file my_file-v3.txt (compact mmCIF, C-alpha atoms and all ligand atoms)
# COMPACT_ATOMS: atom_id res chain seq x y z
CA MET A 1 -157.71 12.67 82.16
CA PRO A 2 -158.02 16.15 83.79
CA ALA A 3 -156.00 16.82 86.98
CA SER A 4 -157.84 16.27 90.22
CA GLY A 5 -159.69 19.44 91.30
CA TRP A 6 -160.65 20.28 87.70
CA ASN A 7 -164.05 21.96 87.62
CA PRO A 8 -166.25 20.47 84.89
CA LEU A 9 -168.16 23.79 84.77
CA ALA A 10 -164.98 25.84 84.10
CA PRO A 11 -165.46 26.13 80.30
CA VAL A 12 -169.05 27.27 80.80
CA LEU A 13 -168.03 29.85 83.43
CA GLN A 14 -165.20 31.14 81.25
CA THR A 15 -167.55 31.60 78.31
CA VAL A 16 -170.11 33.49 80.41
CA ALA A 17 -167.37 35.68 81.97
CA ALA A 18 -165.91 36.52 78.55
CA PHE A 19 -169.33 37.31 77.19
CA SER A 20 -170.22 39.51 80.14
CA ARG A 21 -166.94 41.47 79.78
CA GLY A 22 -167.86 42.38 76.21
CA LEU A 23 -171.53 43.05 76.89
CA VAL A 24 -172.25 46.80 76.91
CA ILE A 25 -175.45 48.62 77.46
CA ALA A 26 -174.50 51.71 75.42
CA PRO A 27 -172.90 51.16 72.04
CA ASP A 28 -172.42 54.98 71.71
CA ALA A 29 -170.39 55.27 74.95
CA GLY A 30 -166.80 56.60 75.15
CA PRO A 31 -163.98 54.47 76.74
CA ASP A 32 -164.42 56.00 80.25
CA ASP A 33 -168.18 55.81 80.35
CA HIS A 34 -169.35 54.01 83.49
CA ARG A 35 -171.99 52.29 81.41
CA LEU A 36 -169.22 50.20 79.81
CA ARG A 37 -168.87 48.15 82.96
CA PRO A 38 -169.86 44.50 82.39
CA LEU A 39 -173.40 43.67 83.31
CA LEU A 40 -172.21 40.45 84.87
CA SER A 41 -168.90 39.80 86.54
CA LEU A 42 -167.79 36.24 87.15
CA SER A 43 -164.42 35.12 88.35
CA LEU A 44 -162.72 31.72 88.58
CA SER A 45 -160.09 33.03 91.02
CA PRO A 46 -160.49 32.14 94.71
CA PRO A 47 -162.56 34.58 96.81
CA PRO A 48 -160.60 37.26 98.77
CA THR A 49 -159.41 36.27 102.26
CA PRO A 50 -162.09 37.29 104.78
CA PRO A 51 -161.08 39.64 107.63
CA PRO A 52 -159.87 37.89 110.81
CA PRO A 53 -162.62 37.09 113.31
CA PRO A 54 -163.12 39.68 116.08
CA GLU A 55 -161.50 37.43 118.72
CA VAL A 56 -158.17 37.56 116.79
CA LEU A 57 -158.28 41.38 116.79
CA LYS A 58 -159.14 41.37 120.49
CA ALA A 59 -156.10 39.19 121.28
CA ARG A 60 -153.71 41.98 120.13
CA PRO A 61 -152.36 44.32 122.81
CA GLU A 62 -154.68 47.29 123.12
CA LYS A 63 -151.99 49.88 122.26
CA GLU A 64 -151.09 48.01 119.06
CA ALA A 65 -154.68 47.68 117.91
CA LYS A 66 -155.50 51.33 118.64
CA ALA A 67 -152.66 53.85 118.84
CA ALA A 68 -154.22 56.05 121.52
CA PRO A 69 -152.19 59.12 122.50
CA LEU A 70 -150.33 58.82 125.81
CA THR A 71 -151.57 60.80 128.76
CA LYS A 72 -149.39 63.20 130.78
CA GLU A 73 -149.58 60.73 133.68
CA GLU A 74 -148.36 57.78 131.57
CA VAL A 75 -145.40 59.78 130.25
CA GLY A 76 -144.64 60.92 133.81
CA ARG A 77 -144.65 57.36 135.21
CA ALA A 78 -142.50 56.07 132.32
CA THR A 79 -140.01 58.93 132.74
CA TRP A 80 -139.69 58.48 136.50
CA MET A 81 -139.23 54.74 135.92
CA LEU A 82 -136.37 55.40 133.51
CA LEU A 83 -134.76 58.03 135.75
CA HIS A 84 -134.96 55.96 138.95
CA THR A 85 -133.60 52.94 137.06
CA ILE A 86 -130.70 54.99 135.69
CA ALA A 87 -129.99 56.15 139.25
CA ALA A 88 -130.16 52.57 140.58
CA GLN A 89 -127.68 51.43 137.92
CA PHE A 90 -125.41 54.46 138.34
CA PRO A 91 -121.88 53.40 139.35
CA ASP A 92 -120.82 53.77 143.00
CA GLU A 93 -117.77 55.61 141.71
CA PRO A 94 -118.84 57.35 138.51
CA THR A 95 -116.36 58.82 136.07
CA ARG A 96 -116.30 62.57 135.54
CA GLN A 97 -118.07 62.00 132.26
CA GLN A 98 -120.81 59.99 133.96
CA LYS A 99 -121.31 62.76 136.53
CA ARG A 100 -121.53 65.32 133.72
CA ASP A 101 -123.95 63.06 131.81
CA ALA A 102 -126.27 62.69 134.81
CA LYS A 103 -126.36 66.47 135.25
CA GLU A 104 -126.85 67.08 131.54
CA LEU A 105 -129.62 64.46 131.33
CA MET A 106 -131.64 66.22 134.00
CA HIS A 107 -131.16 69.60 132.32
CA ILE A 108 -132.12 68.19 128.93
CA ILE A 109 -135.29 66.77 130.48
CA SER A 110 -136.07 70.21 131.94
CA ARG A 111 -135.86 71.61 128.40
CA LEU A 112 -137.36 68.84 126.25
CA TYR A 113 -139.86 67.14 128.58
CA PRO A 114 -143.03 66.76 126.47
CA CYS A 115 -145.27 68.86 128.75
CA LYS A 116 -144.35 72.53 128.85
CA GLU A 117 -145.71 73.37 132.29
CA CYS A 118 -143.93 70.30 133.74
CA ALA A 119 -140.64 71.22 132.03
CA ASP A 120 -140.86 74.84 133.20
CA HIS A 121 -141.60 73.73 136.75
CA PHE A 122 -138.77 71.20 136.66
CA LYS A 123 -136.31 73.96 135.60
CA GLU A 124 -137.19 75.77 138.82
CA VAL A 125 -136.80 72.54 140.80
CA LEU A 126 -133.30 72.03 139.35
CA LYS A 127 -132.32 75.63 140.05
CA ALA A 128 -133.26 75.21 143.70
CA ASN A 129 -131.79 71.68 143.93
CA PRO A 130 -128.67 71.28 141.75
CA VAL A 131 -128.03 67.74 140.54
CA GLN A 132 -125.95 65.64 142.93
CA ALA A 133 -124.41 62.63 141.23
CA GLY A 134 -121.14 61.98 143.04
CA SER A 135 -122.13 58.34 143.62
CA GLN A 136 -124.98 55.91 143.05
CA ALA A 137 -126.39 56.55 146.54
CA GLU A 138 -126.11 60.32 146.20
CA PHE A 139 -127.78 60.39 142.76
CA SER A 140 -130.68 58.12 143.74
CA GLN A 141 -131.32 60.08 146.95
CA TRP A 142 -131.20 63.39 145.12
CA LEU A 143 -133.62 62.05 142.47
CA CYS A 144 -135.97 60.78 145.16
CA TYR A 145 -135.88 64.23 146.76
CA VAL A 146 -136.71 66.13 143.55
CA HIS A 147 -139.40 63.60 142.66
CA ASN A 148 -140.93 64.42 146.05
CA VAL A 149 -140.75 68.14 145.25
CA VAL A 150 -142.84 67.40 142.14
CA ASN A 151 -145.13 65.10 144.17
CA ARG A 152 -145.72 67.86 146.70
CA SER A 153 -146.58 70.41 144.02
CA LEU A 154 -149.16 67.97 142.61
CA GLY A 155 -150.63 67.09 146.02
CA LYS A 156 -149.30 63.51 145.81
CA PRO A 157 -147.97 61.55 148.81
CA ILE A 158 -144.31 61.99 149.76
CA PHE A 159 -142.23 58.87 149.13
CA PRO A 160 -139.92 57.76 151.99
CA CYS A 161 -136.47 58.04 150.39
CA GLN A 162 -134.91 55.44 152.72
CA ARG A 163 -137.01 52.94 150.70
CA VAL A 164 -135.78 54.05 147.30
CA THR A 165 -133.39 51.10 146.86
CA ALA A 166 -136.14 48.66 147.76
CA ARG A 167 -138.49 50.30 145.24
CA TRP A 168 -135.95 50.87 142.45
CA GLY A 169 -133.26 48.22 142.79
CA LYS A 170 -130.60 47.24 140.29
CA LEU A 171 -131.83 45.57 137.13
CA ASP A 172 -132.22 41.82 137.14
CA CYS A 173 -129.63 41.01 134.48
CA PRO A 174 -127.71 37.72 134.37
CA GLU A 175 -124.29 38.02 136.01
CA ARG A 176 -124.86 41.79 136.44
CA SER A 177 -124.30 42.21 132.71
CA CYS A 178 -126.26 45.50 132.78
CA ASP A 179 -123.92 47.20 135.26
CA LEU A 180 -122.08 50.28 134.02
CA GLU A 181 -118.37 50.59 134.59
CA GLY A 182 -117.32 53.38 136.90
CA THR A 183 -114.12 55.23 137.54
CA ASN A 184 -110.69 53.88 138.36
CA ASP A 185 -107.57 55.63 139.57
CA ILE A 186 -105.55 54.91 136.44
CA MET A 187 -107.75 57.13 134.25
CA PRO A 188 -109.18 59.77 136.62
CA ASN A 189 -110.12 62.17 133.80
CA ARG A 190 -112.54 59.87 132.04
C1 LIG B 201 -139.45 65.63 135.52
C2 LIG B 201 -140.95 65.52 135.66
C3 LIG B 201 -141.72 66.63 135.96
C4 LIG B 201 -143.11 66.54 136.04
N1 LIG B 201 -143.85 67.65 136.28
C5 LIG B 201 -145.20 67.57 136.27
C6 LIG B 201 -146.00 68.74 136.44
O1 LIG B 201 -145.48 69.86 136.61
N2 LIG B 201 -147.35 68.61 136.38
C7 LIG B 201 -147.95 67.37 136.19
O2 LIG B 201 -149.18 67.30 136.14
N3 LIG B 201 -147.21 66.26 136.05
C8 LIG B 201 -145.87 66.31 136.09
N4 LIG B 201 -145.12 65.18 135.94
C9 LIG B 201 -145.80 63.84 135.96
C10 LIG B 201 -146.03 63.42 137.43
O3 LIG B 201 -144.86 63.59 138.21
C11 LIG B 201 -146.44 61.94 137.55
O4 LIG B 201 -145.51 61.14 136.86
C12 LIG B 201 -147.84 61.62 137.03
O5 LIG B 201 -148.79 62.48 137.62
C13 LIG B 201 -148.21 60.17 137.39
O6 LIG B 201 -148.15 60.05 138.81
P1 LIG B 201 -148.21 58.71 139.62
O7 LIG B 201 -149.03 58.99 140.85
O8 LIG B 201 -148.64 57.56 138.79
O9 LIG B 201 -146.73 58.38 140.15
P2 LIG B 201 -145.35 58.97 139.68
O10 LIG B 201 -145.10 60.27 140.36
O11 LIG B 201 -145.24 58.95 138.20
O12 LIG B 201 -144.33 57.91 140.31
C14 LIG B 201 -144.21 56.59 139.77
C15 LIG B 201 -143.87 55.65 140.92
O13 LIG B 201 -142.63 56.07 141.49
C16 LIG B 201 -142.63 55.82 142.90
N5 LIG B 201 -142.30 57.10 143.53
C17 LIG B 201 -143.13 58.13 143.84
N6 LIG B 201 -142.43 59.13 144.39
C18 LIG B 201 -141.14 58.72 144.43
C19 LIG B 201 -139.94 59.32 144.90
N7 LIG B 201 -139.91 60.54 145.44
N8 LIG B 201 -138.80 58.62 144.77
C20 LIG B 201 -138.79 57.38 144.25
N9 LIG B 201 -139.89 56.77 143.80
C21 LIG B 201 -141.06 57.43 143.89
C22 LIG B 201 -144.01 55.32 143.27
O14 LIG B 201 -143.90 53.90 143.40
C23 LIG B 201 -144.86 55.69 142.06
O15 LIG B 201 -145.89 54.78 141.85
C24 LIG B 201 -143.74 65.27 135.85
C25 LIG B 201 -142.95 64.15 135.56
C26 LIG B 201 -141.58 64.26 135.46
C27 LIG B 201 -140.74 63.05 135.11
call {"tool": "encode", "arguments": {"input": "my_file-v3.txt", "output": "structure tokens"}}
result
Amino acid sequence: MPASGWNPLAPVLQTVAAFSRGLVIAPDAGPDDHRLRPLLSLSLSPPPTPPPPPEVLKARPEKEAKAAPLTKEEVGRATWMLLHTIAAQFPDEPTRQQKRDAKELMHIISRLYPCKECADHFKEVLKANPVQAGSQAEFSQWLCYVHNVVNRSLGKPIFPCQRVTARWGKLDCPERSCDLEGTNDIMPNR
């Protein structure tokens, strides 16, 4: 007794498929001649999986479905978000290394920022306004100030820096697990 799902037409289909594979229309043809292709192609294997319906494609996030290049504005917003968040998380009493890192970060951005005119302009902004990162409050106020210098040059509204903590507060991490450690008097050279 054949297993359930056995197709009674299978032997017939196999015979026709085998015949069609051997059937040529040009007995004089070489092995690569396109005329050697079977006249009839039958397969017993399941049909290929159809493409997903359009609604499945639509459900993907737009950026994943279509890798559109970022705009200068998007990169700017993302960069300011990172910088203001770094400033919000900066320790009240940073180590020497952390102060150096904050300064270096801003200078690296002025060299590697992925928009040449922005980077060149930001170099001038840093020259006129050296980085101040002696504490969390000082760094976030300085950053707010230089962001406003950029805003002014672009004709954008000036942000009131007394509201910078309300706009860019500390990260919402459980038990302040995202907080960086700062300095202590035992290891002042860190
Ligand atoms: C270092 C740097 C230099 C840039 N230079 C140029 C340039 O030369 N030319 C150019 O076309 N683009 C430049 N950009 C991009 C530009 O600054 C903006 O990011 C972009 O135009 C998008 O602007 P936006 O109006 O969405 O708000 P953004 O300026 O990106 O600000 C994002 C959000 O930050 C808040 N915010 C605004 N101002 C302040 C502030 N002073 N302090 C704290 N929070 C604030 C607001 O809630 C705002 O919505 C630069 C970006 C960076 C990071």
call {"tool": "closest_residue", "arguments": {"input": "my_file-v3.txt", "among": "A:Gly134, A:Gly169, A:Pro160, A:Gly76", "to": "ligand LIG 201 (chain B)", "atoms": "all atoms listed in the file"}}
result
A:Gly76
call {"tool": "residues_near_ligand", "arguments": {"input": "my_file-v3.txt", "ligand": "ligand LIG 201 (chain B)", "cutoff": "7 Å", "atoms": "all atoms listed in the file", "output": "ChimeraX atom specification"}}
result
/A:72-77,79-81,84,109-110,117-119,121-122,143-148,150-151,154,156,158-159,161,164,167
call {"tool": "atom_distance", "arguments": {"input": "my_file-v3.txt", "atom1": "atom CA of Cys173 of chain A", "atom2": "atom CA of Leu82 of chain A"}}
result
15.9 Å
call {"tool": "atom_distance", "arguments": {"input": "my_file-v3.txt", "atom1": "atom CA of Lys170 of chain A", "atom2": "atom CA of Thr85 of chain A"}}
result
7.2 Å
call {"tool": "atom_distance", "arguments": {"input": "my_file-v3.txt", "atom1": "atom CA of Asn129 of chain A", "atom2": "atom CA of Val149 of chain A"}}
result
9.7 Å
call {"tool": "residues_around", "arguments": {"input": "my_file-v3.txt", "residues": "segment 92-97 of chain A", "least_positions_apart": "6", "cutoff": "6 Å", "atoms": "all atoms listed in the file", "output": "list in words"}}
result
Ser135, Gln136, Gly182, Thr183 and Arg190 of chain A
call {"tool": "closest_residue", "arguments": {"input": "my_file-v3.txt", "among": "A:Leu70, A:Leu126, A:Ala137, A:Ala88", "to": "Pro114 of chain A", "atoms": "all atoms listed in the file"}}
result
A:Leu70
call {"tool": "decode", "arguments": {"input": "my_file-v3.txt", "residues": "segment 77-172 of chain A", "atoms": "C-alpha atoms", "output": "PDB file, in the first residue's frame"}}
result
ATOM      1  CA  ARG A  77      20.285  65.984  14.725  1.00  0.00           C
ATOM      2  CA  ALA A  78      21.761  62.568  15.590  1.00  0.00           C
ATOM      3  CA  THR A  79      25.160  64.113  16.394  1.00  0.00           C
ATOM      4  CA  TRP A  80      23.709  66.842  18.608  1.00  0.00           C
ATOM      5  CA  MET A  81      21.608  64.191  20.361  1.00  0.00           C
ATOM      6  CA  LEU A  82      24.723  62.143  21.117  1.00  0.00           C
ATOM      7  CA  LEU A  83      26.757  65.166  22.209  1.00  0.00           C
ATOM      8  CA  HIS A  84      24.063  66.623  24.479  1.00  0.00           C
ATOM      9  CA  THR A  85      23.493  63.170  25.988  1.00  0.00           C
ATOM     10  CA  ILE A  86      27.221  62.739  26.632  1.00  0.00           C
ATOM     11  CA  ALA A  87      27.199  66.155  28.319  1.00  0.00           C
ATOM     12  CA  ALA A  88      24.138  65.243  30.416  1.00  0.00           C
ATOM     13  CA  GLN A  89      25.847  62.036  31.575  1.00  0.00           C
ATOM     14  CA  PHE A  90      29.223  63.714  32.140  1.00  0.00           C
ATOM     15  CA  PRO A  91      30.342  63.353  35.773  1.00  0.00           C
ATOM     16  CA  ASP A  92      29.970  66.335  38.126  1.00  0.00           C
ATOM     17  CA  GLU A  93      33.612  65.832  39.017  1.00  0.00           C
ATOM     18  CA  PRO A  94      35.283  64.398  35.926  1.00  0.00           C
ATOM     19  CA  THR A  95      38.726  62.850  36.009  1.00  0.00           C
ATOM     20  CA  ARG A  96      41.553  64.527  34.124  1.00  0.00           C
ATOM     21  CA  GLN A  97      41.220  61.843  31.498  1.00  0.00           C
ATOM     22  CA  GLN A  98      37.497  62.528  31.109  1.00  0.00           C
ATOM     23  CA  LYS A  99      38.188  66.255  30.688  1.00  0.00           C
ATOM     24  CA  ARG A 100      40.826  65.466  28.064  1.00  0.00           C
ATOM     25  CA  ASP A 101      38.429  63.042  26.337  1.00  0.00           C
ATOM     26  CA  ALA A 102      35.646  65.648  26.141  1.00  0.00           C
ATOM     27  CA  LYS A 103      38.052  68.141  24.583  1.00  0.00           C
ATOM     28  CA  GLU A 104      39.488  65.565  22.200  1.00  0.00           C
ATOM     29  CA  LEU A 105      36.008  64.374  21.169  1.00  0.00           C
ATOM     30  CA  MET A 106      35.013  67.868  20.092  1.00  0.00           C
ATOM     31  CA  HIS A 107      38.255  68.331  18.154  1.00  0.00           C
ATOM     32  CA  ILE A 108      37.877  64.956  16.461  1.00  0.00           C
ATOM     33  CA  ILE A 109      34.357  65.935  15.414  1.00  0.00           C
ATOM     34  CA  SER A 110      35.730  69.176  13.961  1.00  0.00           C
ATOM     35  CA  ARG A 111      38.094  67.069  11.837  1.00  0.00           C
ATOM     36  CA  LEU A 112      35.995  64.020  10.932  1.00  0.00           C
ATOM     37  CA  TYR A 113      32.419  65.355  10.877  1.00  0.00           C
ATOM     38  CA  PRO A 114      30.916  63.956   7.652  1.00  0.00           C
ATOM     39  CA  CYS A 115      30.160  67.357   6.068  1.00  0.00           C
ATOM     40  CA  LYS A 116      33.247  69.358   5.174  1.00  0.00           C
ATOM     41  CA  GLU A 117      31.752  72.836   5.369  1.00  0.00           C
ATOM     42  CA  CYS A 118      30.225  71.987   8.784  1.00  0.00           C
ATOM     43  CA  ALA A 119      33.532  70.579  10.069  1.00  0.00           C
ATOM     44  CA  ASP A 120      35.489  73.603   8.832  1.00  0.00           C
ATOM     45  CA  HIS A 121      32.988  75.971  10.422  1.00  0.00           C
ATOM     46  CA  PHE A 122      33.048  74.002  13.674  1.00  0.00           C
ATOM     47  CA  LYS A 123      36.878  74.292  13.814  1.00  0.00           C
ATOM     48  CA  GLU A 124      36.433  78.070  13.833  1.00  0.00           C
ATOM     49  CA  VAL A 125      33.732  77.783  16.509  1.00  0.00           C
ATOM     50  CA  LEU A 126      36.093  75.742  18.729  1.00  0.00           C
ATOM     51  CA  LYS A 127      38.952  78.181  18.187  1.00  0.00           C
ATOM     52  CA  ALA A 128      36.770  81.055  19.361  1.00  0.00           C
ATOM     53  CA  ASN A 129      35.169  78.999  22.177  1.00  0.00           C
ATOM     54  CA  PRO A 130      37.620  76.504  23.706  1.00  0.00           C
ATOM     55  CA  VAL A 131      35.998  73.420  25.221  1.00  0.00           C
ATOM     56  CA  GLN A 132      35.002  73.821  28.865  1.00  0.00           C
ATOM     57  CA  ALA A 133      34.484  70.496  30.588  1.00  0.00           C
ATOM     58  CA  GLY A 134      35.438  71.055  34.217  1.00  0.00           C
ATOM     59  CA  SER A 135      32.094  69.634  35.364  1.00  0.00           C
ATOM     60  CA  GLN A 136      28.825  68.267  34.020  1.00  0.00           C
ATOM     61  CA  ALA A 137      27.146  71.686  34.295  1.00  0.00           C
ATOM     62  CA  GLU A 138      30.049  73.488  32.655  1.00  0.00           C
ATOM     63  CA  PHE A 139      30.271  71.023  29.741  1.00  0.00           C
ATOM     64  CA  SER A 140      26.538  71.009  29.012  1.00  0.00           C
ATOM     65  CA  GLN A 141      26.349  74.822  29.150  1.00  0.00           C
ATOM     66  CA  TRP A 142      29.371  75.183  26.902  1.00  0.00           C
ATOM     67  CA  LEU A 143      27.872  72.692  24.419  1.00  0.00           C
ATOM     68  CA  CYS A 144      24.556  74.540  24.453  1.00  0.00           C
ATOM     69  CA  TYR A 145      26.432  77.762  23.728  1.00  0.00           C
ATOM     70  CA  VAL A 146      28.371  76.376  20.744  1.00  0.00           C
ATOM     71  CA  HIS A 147      25.248  74.669  19.408  1.00  0.00           C
ATOM     72  CA  ASN A 148      23.653  78.125  19.466  1.00  0.00           C
ATOM     73  CA  VAL A 149      26.627  79.547  17.560  1.00  0.00           C
ATOM     74  CA  VAL A 150      25.907  76.956  14.844  1.00  0.00           C
ATOM     75  CA  ASN A 151      22.160  77.682  15.083  1.00  0.00           C
ATOM     76  CA  ARG A 152      22.799  81.388  14.577  1.00  0.00           C
ATOM     77  CA  SER A 153      24.982  80.800  11.530  1.00  0.00           C
ATOM     78  CA  LEU A 154      22.178  78.700   9.998  1.00  0.00           C
ATOM     79  CA  GLY A 155      19.429  81.210  10.863  1.00  0.00           C
ATOM     80  CA  LYS A 156      17.854  78.795  13.391  1.00  0.00           C
ATOM     81  CA  PRO A 157      16.262  79.900  16.682  1.00  0.00           C
ATOM     82  CA  ILE A 158      18.524  80.311  19.720  1.00  0.00           C
ATOM     83  CA  PHE A 159      17.891  77.698  22.404  1.00  0.00           C
ATOM     84  CA  PRO A 160      17.555  79.011  26.002  1.00  0.00           C
ATOM     85  CA  CYS A 161      20.488  77.304  27.755  1.00  0.00           C
ATOM     86  CA  GLN A 162      18.829  77.460  31.195  1.00  0.00           C
ATOM     87  CA  ARG A 163      16.500  74.767  29.777  1.00  0.00           C
ATOM     88  CA  VAL A 164      19.247  72.435  28.622  1.00  0.00           C
ATOM     89  CA  THR A 165      18.858  70.024  31.560  1.00  0.00           C
ATOM     90  CA  ALA A 166      15.121  69.827  30.983  1.00  0.00           C
ATOM     91  CA  ARG A 167      15.688  69.097  27.281  1.00  0.00           C
ATOM     92  CA  TRP A 168      18.663  66.744  27.651  1.00  0.00           C
ATOM     93  CA  GLY A 169      18.396  65.081  31.048  1.00  0.00           C
ATOM     94  CA  LYS A 170      20.273  62.068  32.335  1.00  0.00           C
ATOM     95  CA  LEU A 171      19.471  58.767  30.678  1.00  0.00           C
ATOM     96  CA  ASP A 172      16.622  56.731  32.060  1.00  0.00           C
TER      97      ASP A 172
END
